[in-house]
>>> print(open('coords-v2.cif').read())   # mmCIF, C-alpha atoms
data_structure
loop_
_atom_site.label_atom_id
_atom_site.label_comp_id
_atom_site.auth_asym_id
_atom_site.auth_seq_id
_atom_site.Cartn_x
_atom_site.Cartn_y
_atom_site.Cartn_z
CA MET A 142 13.17 16.63 58.78
CA LEU A 143 13.90 14.06 56.10
CA ASP A 144 15.06 14.85 52.55
CA VAL A 145 14.42 11.72 50.50
CA ALA A 146 16.38 12.87 47.42
CA CYS A 147 18.98 15.14 48.97
CA GLY A 148 21.56 14.95 46.16
CA THR A 149 24.55 17.10 47.08
CA PHE A 150 22.68 18.47 50.14
CA ALA A 151 22.89 22.01 48.72
CA LEU A 152 19.25 22.81 49.54
CA ASP A 153 19.59 21.40 53.06
CA LEU A 154 22.67 23.32 54.23
CA PRO A 155 20.65 26.50 54.95
CA LEU A 156 18.29 24.39 57.07
CA LEU A 157 21.21 23.11 59.15
CA LYS A 158 22.38 26.70 59.66
CA HIS A 159 18.92 27.59 60.99
CA GLY A 160 19.05 24.80 63.54
CA TYR A 161 17.01 22.10 61.83
CA ARG A 162 18.03 18.46 62.21
CA VAL A 163 18.11 16.93 58.75
CA VAL A 164 18.47 13.35 57.55
CA GLY A 165 19.35 12.98 53.87
CA LEU A 166 18.72 10.02 51.59
CA ASP A 167 19.73 9.55 47.97
CA ALA A 168 20.21 6.68 45.53
CA SER A 169 23.49 8.11 44.20
CA ARG A 170 26.68 7.36 46.13
CA ASP A 171 28.53 9.99 44.11
CA MET A 172 26.03 12.67 45.13
CA LEU A 173 26.29 11.64 48.77
CA ARG A 174 30.09 11.89 48.74
CA VAL A 175 29.68 15.52 47.70
CA ALA A 176 26.97 15.96 50.34
CA ARG A 177 29.20 14.69 53.16
CA ARG A 178 32.04 16.98 52.09
CA SER A 179 29.65 19.95 51.98
CA VAL A 180 28.34 19.21 55.47
CA ALA A 181 31.89 18.82 56.84
CA ARG A 182 32.98 22.06 55.17
CA GLU A 183 30.19 23.90 56.97
CA ARG A 184 31.16 22.15 60.23
CA GLY A 185 27.68 20.74 60.44
CA ALA A 186 26.31 17.34 61.37
CA ALA A 187 23.77 15.37 59.36
CA ASP A 188 22.87 11.74 58.84
CA VAL A 189 23.32 11.13 55.10
CA ARG A 190 22.89 7.66 53.61
CA VAL A 191 22.13 5.66 50.46
CA ALA A 192 18.48 4.67 50.09
CA ASP A 193 15.64 4.32 47.60
CA MET A 194 12.56 6.44 48.29
CA ARG A 195 10.33 3.47 47.41
CA THR A 196 11.80 1.06 49.97
CA PHE A 197 13.63 2.92 52.77
CA ASP A 198 12.88 2.16 56.42
CA LEU A 199 14.52 4.29 59.10
CA HIS A 200 12.38 3.06 62.03
CA ARG A 201 11.54 6.62 63.06
CA THR A 202 9.23 9.49 62.14
CA PHE A 203 9.82 13.11 61.19
CA ASP A 204 8.04 16.46 61.37
CA ALA A 205 8.58 17.12 57.67
CA ILE A 206 9.61 15.24 54.52
CA LEU A 207 11.08 16.98 51.49
CA CYS A 208 11.23 15.56 47.97
CA LEU A 209 12.78 18.30 45.85
CA GLY A 210 14.46 18.78 42.49
CA THR A 211 11.91 16.83 40.39
CA ALA A 212 12.91 13.50 42.02
CA PHE A 213 9.24 12.54 42.39
CA ASN A 214 8.81 12.87 38.60
CA TYR A 215 11.19 9.93 38.16
CA LEU A 216 8.60 7.59 39.67
CA ALA A 217 7.05 6.83 36.31
CA THR A 218 4.63 4.04 37.30
CA THR A 219 1.59 4.17 39.56
CA ARG A 220 3.02 1.28 41.58
CA ASP A 221 6.23 3.19 42.35
CA VAL A 222 4.25 6.31 43.25
CA ARG A 223 2.10 4.34 45.71
CA ARG A 224 5.18 2.65 47.22
CA ALA A 225 6.94 5.97 47.78
CA LEU A 226 3.89 7.69 49.28
CA ALA A 227 3.41 4.74 51.63
CA ARG A 228 7.02 5.17 52.80
CA PHE A 229 6.50 8.91 53.24
CA ARG A 230 3.37 8.33 55.32
CA ARG A 231 5.09 5.71 57.46
CA HIS A 232 7.93 8.11 58.30
CA LEU A 233 5.84 11.26 58.83
CA ARG A 234 4.17 12.10 62.13
CA PRO A 235 0.40 12.79 62.06
CA GLY A 236 0.02 16.44 61.08
CA GLY A 237 3.53 16.44 59.57
CA VAL A 238 4.33 18.28 56.35
CA LEU A 239 5.22 16.76 52.98
CA VAL A 240 6.73 19.05 50.32
CA LEU A 241 6.86 17.77 46.74
CA ASP A 242 8.72 19.77 44.09
CA LEU A 243 7.93 18.77 40.50
CA THR A 244 8.37 20.07 36.98
CA ASN A 245 5.27 21.96 35.89
CA PHE A 246 4.37 19.96 32.81
CA GLU A 247 1.12 21.85 32.37
CA ALA A 248 3.20 24.78 31.12
CA TRP A 249 5.33 22.41 29.02
CA ILE A 250 2.30 20.86 27.32
CA ARG A 251 0.95 24.29 26.43
CA HIS A 252 4.31 25.53 25.14
CA PRO A 253 6.48 22.55 24.14
CA GLN A 254 10.25 23.07 23.99
CA ASN A 255 11.27 19.63 22.85
CA VAL A 256 14.42 20.54 20.95
CA ARG A 257 16.71 23.14 22.44
CA ALA A 258 20.20 23.81 23.74
CA GLU A 259 20.19 23.41 27.52
CA VAL A 260 23.76 24.53 28.21
CA GLU A 261 26.51 26.21 26.24
CA TYR A 262 29.71 26.68 28.24
CA ARG A 263 33.37 27.44 27.58
CA SER A 264 35.89 26.84 30.37
CA ARG A 265 39.10 28.78 30.95
CA ASP A 266 41.24 26.05 29.34
CA GLY A 267 39.19 26.31 26.14
CA THR A 268 37.01 23.24 26.69
CA ARG A 269 33.57 23.71 25.14
CA ILE A 270 30.53 21.93 26.52
CA ALA A 271 27.04 21.87 25.03
CA VAL A 272 23.94 19.99 26.18
CA PHE A 273 21.06 19.52 23.77
CA ALA A 274 17.60 18.31 24.74
CA PHE A 275 15.48 16.18 22.41
CA ASN A 276 12.33 15.47 24.38
CA ASP A 277 8.99 13.86 23.66
CA GLN A 278 5.72 13.15 25.48
CA ASP A 279 3.31 10.23 25.60
CA LEU A 280 0.36 12.17 26.96
CA PRO A 281 -2.12 9.23 27.18
CA LYS A 282 0.37 7.47 29.48
CA SER A 283 1.41 10.71 31.25
CA ILE A 284 5.09 10.10 30.44
CA HIS A 285 7.72 12.67 29.41
CA PHE A 286 10.85 11.30 27.72
CA ALA A 287 13.85 13.48 28.59
CA ARG A 288 16.75 12.82 26.21
CA PHE A 289 20.04 14.69 26.43
CA PHE A 290 23.07 14.76 24.16
CA THR A 291 26.23 16.13 25.76
CA VAL A 292 29.08 17.28 23.52
CA VAL A 293 32.52 18.04 25.01
CA GLN A 294 35.25 19.49 22.80
CA LYS A 295 38.80 19.88 24.11
CA ASP A 296 41.63 20.81 21.75
CA ARG A 297 41.01 18.62 18.69
CA GLY A 298 39.19 15.89 20.57
CA MET A 299 35.43 15.60 20.88
CA SER A 300 33.25 13.24 22.91
CA VAL A 301 29.50 12.74 22.77
CA GLY A 302 27.30 11.27 25.50
CA PHE A 303 23.61 10.35 25.62
CA ASP A 304 21.19 9.98 28.52
CA GLU A 305 17.46 9.27 28.64
CA ALA A 306 14.94 9.30 31.50
CA ARG A 307 11.20 8.62 31.77
CA LEU A 308 9.42 11.24 33.88
CA ARG A 309 5.86 11.14 35.15
CA ILE A 310 3.73 14.06 33.94
CA TRP A 311 1.68 15.41 36.86
CA GLU A 312 -1.08 17.94 36.53
CA LYS A 313 -2.20 19.62 39.72
CA SER A 314 -5.57 17.85 39.88
CA ASP A 315 -4.01 14.40 39.31
CA LEU A 316 -1.40 14.98 42.02
CA ALA A 317 -4.06 16.16 44.46
CA ARG A 318 -6.10 12.98 43.89
CA ALA A 319 -3.05 10.74 44.32
CA LEU A 320 -2.13 12.44 47.61
CA GLU A 321 -5.67 12.33 48.99
CA ARG A 322 -5.90 8.64 48.10
CA ASP A 323 -2.87 7.96 50.30
CA ARG A 324 -4.16 10.24 53.07
CA PHE A 325 -2.18 13.41 52.47
CA HIS A 326 -4.16 16.63 52.34
CA PRO A 327 -2.76 19.36 50.01
CA VAL A 328 -2.90 22.75 51.70
CA GLU A 329 -0.72 24.98 49.49
CA TRP A 330 0.44 25.10 45.86
CA TRP A 331 3.44 27.16 44.77
CA GLY A 332 4.92 27.89 41.35
CA ASP A 333 8.50 27.79 42.62
CA LEU A 334 10.52 27.05 45.75
CA ARG A 335 10.02 30.58 47.00
CA LEU A 336 7.51 31.31 49.72
CA GLY A 337 4.50 32.98 48.21
CA ALA A 338 5.39 32.07 44.60
CA ARG A 339 1.91 31.83 43.10
CA TYR A 340 1.20 28.76 40.99
CA GLU A 341 0.14 29.67 37.46
CA PRO A 342 -0.47 26.56 35.30
CA SER A 343 0.58 28.14 32.01
CA ARG A 344 3.64 30.00 33.31
CA SER A 345 5.12 28.61 36.54
CA PRO A 346 8.35 26.61 36.13
CA ARG A 347 7.56 24.37 39.11
CA LEU A 348 4.60 22.60 40.67
CA VAL A 349 5.27 22.60 44.41
CA CYS A 350 2.74 20.98 46.71
CA VAL A 351 2.64 21.30 50.49
CA ALA A 352 0.52 18.55 52.02
CA ILE A 353 -0.36 17.45 55.56
CA ARG A 354 -0.38 13.83 56.72
CA THR A 355 -3.94 13.19 57.89
#
>>> encode(input="coords-v2.cif", output="structure tokens")
Amino acid sequence: MLDVACGTFALDLPLLKHGYRVVGLDASRDMLRVARRSVARERGAADVRVADMRTFDLHRTFDAILCLGTAFNYLATTRDVRRALARFRRHLRPGGVLVLDLTNFEAWIRHPQNVRAEVEYRSRDGTRIAVFAFNDQDLPKSIHFARFFTVVQKDRGMSVGFDEARLRIWEKSDLARALERDRFHPVEWWGDLRLGARYEPSRSPRLVCVAIRT
């Protein structure tokens, strides 16, 4: 199988232990360094390389493609979505399985939590870390703006960082249409990455789609 946004490979290690052959792609070299160390620590073997899910070409096909951890949400434009799905189709055997794991924004839209503390942590050496989210949505354009302030306090010093990302808001019906248009047939919808986790639009934390390449 192919994981097109494998990150640190944490979700793929159990698959290796169960005998699956996994290829991992990610745009972050830092993440992949961690991934390679994790694979080596488990005495496993996996092909892990830098690639963009919109442009990769491995000259082979797979039985399954995974895109987990909200990576698909980062494709904010229709053009990028179409490019990625075309790559997925090209690398997936007929009848192969595509698993997309997205943030369930239907729940978010019903119950916005645009200002909140994401993380509050104190390490053993006394360092304090807090992450605050200041988010916003442009619903007509189906875009969620994720903005994070990170505050790190150590002794008398304090540093502040800021990060912002544009995420595509997908509702179940819109995602189904996009997949069908590119010849993927959705067969299951889950509310989390647990088998049998029922999808409930107003409550589920995730929108997980399992689709078949037609």
>>> atom_distance(input="coords-v2.cif", atom1="CA of Asp333 (chain A)", atom2="CA of Phe289 (chain A)")
23.8 Å
>>> closest_residue(input="coords-v2.cif", among="A:Leu209, A:Ala168, A:Val328, A:Met142", to="Ala187 (chain A)", atoms="only C-alpha atoms")
A:Met142
>>> closest_residue(input="coords-v2.cif", among="A:Asn255, A:Ser179, A:Ser283, A:Ser169", to="Phe150 (chain A)", atoms="all atoms listed in the file")
A:Ser179
>>> resolve_selection(input="coords-v2.cif", expression="the PyMOL selection byres ((chain A and resi 260-275) around 10)", output="list in words")
Gln254, Asn255, Val256, Arg257, Ala258, Glu259, Asn276, Asp277, Phe286, Ala287, Arg288, Phe289, Phe290, Thr291, Val292, Val293, Gln294, Lys295, Asp296, Gly298, Met299, Ser300, Val301, Gly302, Phe303, Asp304 and Glu305 of chain A
>>> resolve_selection(input="coords-v2.cif", expression="the PyMOL selection byres ((chain A and resi 191-193) around 7)", output="PDB file with C-alpha atoms, keeping the file's coordinate frame")
ATOM      1  CA  LEU A 166      18.720  10.020  51.590  1.00  0.00           C
ATOM      2  CA  ASP A 167      19.730   9.550  47.970  1.00  0.00           C
ATOM      3  CA  ALA A 168      20.210   6.680  45.530  1.00  0.00           C
ATOM      4  CA  SER A 169      23.490   8.110  44.200  1.00  0.00           C
ATOM      5  CA  ARG A 170      26.680   7.360  46.130  1.00  0.00           C
ATOM      6  CA  ARG A 190      22.890   7.660  53.610  1.00  0.00           C
ATOM      7  CA  MET A 194      12.560   6.440  48.290  1.00  0.00           C
ATOM      8  CA  ARG A 195      10.330   3.470  47.410  1.00  0.00           C
ATOM      9  CA  THR A 196      11.800   1.060  49.970  1.00  0.00           C
ATOM     10  CA  PHE A 197      13.630   2.920  52.770  1.00  0.00           C
TER      11      PHE A 197
END
>>> atom_distance(input="coords-v2.cif", atom1="CA of Ile353 (chain A)", atom2="CA of His326 (chain A)")
5.0 Å
>>> closest_residue(input="coords-v2.cif", among="A:Val175, A:Val189, A:Leu308, A:Leu157", to="Tyr215 (chain A)", atoms="only C-alpha atoms")
A:Leu308
>>> build_atoms(input="coords-v2.cif", residues="region 262-298 of chain A", atoms="N, CA and C atoms", output="PDB file, keeping the file's coordinate frame")
ATOM      1  N   TYR A 262      28.727  26.224  27.254  1.00  0.00           N
ATOM      2  CA  TYR A 262      29.710  26.680  28.240  1.00  0.00           C
ATOM      3  C   TYR A 262      31.115  26.536  27.668  1.00  0.00           C
ATOM      4  N   ARG A 263      31.958  27.502  27.955  1.00  0.00           N
ATOM      5  CA  ARG A 263      33.370  27.440  27.580  1.00  0.00           C
ATOM      6  C   ARG A 263      34.216  27.674  28.836  1.00  0.00           C
ATOM      7  N   SER A 264      35.072  26.717  29.168  1.00  0.00           N
ATOM      8  CA  SER A 264      35.890  26.840  30.370  1.00  0.00           C
ATOM      9  C   SER A 264      37.158  27.645  30.074  1.00  0.00           C
ATOM     10  N   ARG A 265      37.906  27.955  31.116  1.00  0.00           N
ATOM     11  CA  ARG A 265      39.100  28.780  30.950  1.00  0.00           C
ATOM     12  C   ARG A 265      40.172  28.102  30.105  1.00  0.00           C
ATOM     13  N   ASP A 266      40.215  26.751  30.135  1.00  0.00           N
ATOM     14  CA  ASP A 266      41.240  26.050  29.340  1.00  0.00           C
ATOM     15  C   ASP A 266      40.795  25.830  27.892  1.00  0.00           C
ATOM     16  N   GLY A 267      39.651  26.412  27.515  1.00  0.00           N
ATOM     17  CA  GLY A 267      39.190  26.310  26.140  1.00  0.00           C
ATOM     18  C   GLY A 267      38.233  25.183  25.867  1.00  0.00           C
ATOM     19  N   THR A 268      37.963  24.336  26.876  1.00  0.00           N
ATOM     20  CA  THR A 268      37.010  23.240  26.690  1.00  0.00           C
ATOM     21  C   THR A 268      35.605  23.807  26.459  1.00  0.00           C
ATOM     22  N   ARG A 269      34.936  23.270  25.452  1.00  0.00           N
ATOM     23  CA  ARG A 269      33.570  23.710  25.140  1.00  0.00           C
ATOM     24  C   ARG A 269      32.606  22.582  25.452  1.00  0.00           C
ATOM     25  N   ILE A 270      31.519  22.917  26.127  1.00  0.00           N
ATOM     26  CA  ILE A 270      30.530  21.930  26.520  1.00  0.00           C
ATOM     27  C   ILE A 270      29.145  22.419  26.068  1.00  0.00           C
ATOM     28  N   ALA A 271      28.405  21.537  25.443  1.00  0.00           N
ATOM     29  CA  ALA A 271      27.040  21.870  25.030  1.00  0.00           C
ATOM     30  C   ALA A 271      26.124  20.695  25.379  1.00  0.00           C
ATOM     31  N   VAL A 272      24.942  21.006  25.880  1.00  0.00           N
ATOM     32  CA  VAL A 272      23.940  19.990  26.180  1.00  0.00           C
ATOM     33  C   VAL A 272      22.688  20.309  25.388  1.00  0.00           C
ATOM     34  N   PHE A 273      22.245  19.341  24.599  1.00  0.00           N
ATOM     35  CA  PHE A 273      21.060  19.520  23.770  1.00  0.00           C
ATOM     36  C   PHE A 273      19.965  18.580  24.228  1.00  0.00           C
ATOM     37  N   ALA A 274      18.754  19.106  24.309  1.00  0.00           N
ATOM     38  CA  ALA A 274      17.600  18.310  24.740  1.00  0.00           C
ATOM     39  C   ALA A 274      16.745  17.945  23.536  1.00  0.00           C
ATOM     40  N   PHE A 275      16.411  16.667  23.434  1.00  0.00           N
ATOM     41  CA  PHE A 275      15.480  16.180  22.410  1.00  0.00           C
ATOM     42  C   PHE A 275      14.398  15.395  23.153  1.00  0.00           C
ATOM     43  N   ASN A 276      13.340  16.066  23.514  1.00  0.00           N
ATOM     44  CA  ASN A 276      12.330  15.470  24.380  1.00  0.00           C
ATOM     45  C   ASN A 276      11.074  15.079  23.603  1.00  0.00           C
ATOM     46  N   ASP A 277      10.241  14.298  24.265  1.00  0.00           N
ATOM     47  CA  ASP A 277       8.990  13.860  23.660  1.00  0.00           C
ATOM     48  C   ASP A 277       8.020  13.513  24.781  1.00  0.00           C
ATOM     49  N   GLN A 278       6.729  13.475  24.482  1.00  0.00           N
ATOM     50  CA  GLN A 278       5.720  13.150  25.480  1.00  0.00           C
ATOM     51  C   GLN A 278       4.758  12.087  24.963  1.00  0.00           C
ATOM     52  N   ASP A 279       4.403  11.178  25.844  1.00  0.00           N
ATOM     53  CA  ASP A 279       3.310  10.230  25.600  1.00  0.00           C
ATOM     54  C   ASP A 279       2.193  10.658  26.540  1.00  0.00           C
ATOM     55  N   LEU A 280       1.359  11.572  26.081  1.00  0.00           N
ATOM     56  CA  LEU A 280       0.360  12.170  26.960  1.00  0.00           C
ATOM     57  C   LEU A 280      -0.675  11.168  27.464  1.00  0.00           C
ATOM     58  N   PRO A 281      -1.151  10.208  26.638  1.00  0.00           N
ATOM     59  CA  PRO A 281      -2.120   9.230  27.180  1.00  0.00           C
ATOM     60  C   PRO A 281      -1.566   8.441  28.361  1.00  0.00           C
ATOM     61  N   LYS A 282      -0.242   8.213  28.385  1.00  0.00           N
ATOM     62  CA  LYS A 282       0.370   7.470  29.480  1.00  0.00           C
ATOM     63  C   LYS A 282       1.005   8.395  30.527  1.00  0.00           C
ATOM     64  N   SER A 283       0.868   9.703  30.323  1.00  0.00           N
ATOM     65  CA  SER A 283       1.410  10.710  31.250  1.00  0.00           C
ATOM     66  C   SER A 283       2.914  10.542  31.464  1.00  0.00           C
ATOM     67  N   ILE A 284       3.654  10.296  30.364  1.00  0.00           N
ATOM     68  CA  ILE A 284       5.090  10.100  30.440  1.00  0.00           C
ATOM     69  C   ILE A 284       5.800  11.145  29.571  1.00  0.00           C
ATOM     70  N   HIS A 285       6.845  11.751  30.137  1.00  0.00           N
ATOM     71  CA  HIS A 285       7.720  12.670  29.410  1.00  0.00           C
ATOM     72  C   HIS A 285       9.067  11.983  29.241  1.00  0.00           C
ATOM     73  N   PHE A 286       9.553  11.901  28.007  1.00  0.00           N
ATOM     74  CA  PHE A 286      10.850  11.300  27.720  1.00  0.00           C
ATOM     75  C   PHE A 286      11.891  12.425  27.629  1.00  0.00           C
ATOM     76  N   ALA A 287      12.793  12.470  28.584  1.00  0.00           N
ATOM     77  CA  ALA A 287      13.850  13.480  28.590  1.00  0.00           C
ATOM     78  C   ALA A 287      15.112  12.844  28.009  1.00  0.00           C
ATOM     79  N   ARG A 288      15.559  13.343  26.880  1.00  0.00           N
ATOM     80  CA  ARG A 288      16.750  12.820  26.210  1.00  0.00           C
ATOM     81  C   ARG A 288      17.763  13.936  26.062  1.00  0.00           C
ATOM     82  N   PHE A 289      19.009  13.663  26.456  1.00  0.00           N
ATOM     83  CA  PHE A 289      20.040  14.690  26.430  1.00  0.00           C
ATOM     84  C   PHE A 289      21.289  14.177  25.709  1.00  0.00           C
ATOM     85  N   PHE A 290      21.777  14.993  24.775  1.00  0.00           N
ATOM     86  CA  PHE A 290      23.070  14.760  24.160  1.00  0.00           C
ATOM     87  C   PHE A 290      24.064  15.758  24.737  1.00  0.00           C
ATOM     88  N   THR A 291      25.182  15.260  25.225  1.00  0.00           N
ATOM     89  CA  THR A 291      26.230  16.130  25.760  1.00  0.00           C
ATOM     90  C   THR A 291      27.448  16.052  24.849  1.00  0.00           C
ATOM     91  N   VAL A 292      27.918  17.207  24.403  1.00  0.00           N
ATOM     92  CA  VAL A 292      29.080  17.280  23.520  1.00  0.00           C
ATOM     93  C   VAL A 292      30.189  18.040  24.248  1.00  0.00           C
ATOM     94  N   VAL A 293      31.365  17.413  24.362  1.00  0.00           N
ATOM     95  CA  VAL A 293      32.520  18.040  25.010  1.00  0.00           C
ATOM     96  C   VAL A 293      33.652  18.100  23.993  1.00  0.00           C
ATOM     97  N   GLN A 294      34.133  19.301  23.728  1.00  0.00           N
ATOM     98  CA  GLN A 294      35.250  19.490  22.800  1.00  0.00           C
ATOM     99  C   GLN A 294      36.433  20.087  23.536  1.00  0.00           C
ATOM    100  N   LYS A 295      37.582  19.392  23.489  1.00  0.00           N
ATOM    101  CA  LYS A 295      38.800  19.880  24.110  1.00  0.00           C
ATOM    102  C   LYS A 295      39.943  19.699  23.119  1.00  0.00           C
ATOM    103  N   ASP A 296      40.607  20.805  22.793  1.00  0.00           N
ATOM    104  CA  ASP A 296      41.630  20.810  21.750  1.00  0.00           C
ATOM    105  C   ASP A 296      41.002  20.272  20.466  1.00  0.00           C
ATOM    106  N   ARG A 297      41.566  19.194  19.910  1.00  0.00           N
ATOM    107  CA  ARG A 297      41.010  18.620  18.690  1.00  0.00           C
ATOM    108  C   ARG A 297      40.129  17.404  18.964  1.00  0.00           C
ATOM    109  N   GLY A 298      40.001  17.049  20.218  1.00  0.00           N
ATOM    110  CA  GLY A 298      39.190  15.890  20.570  1.00  0.00           C
ATOM    111  C   GLY A 298      37.753  16.268  20.878  1.00  0.00           C
TER     112      GLY A 298
END
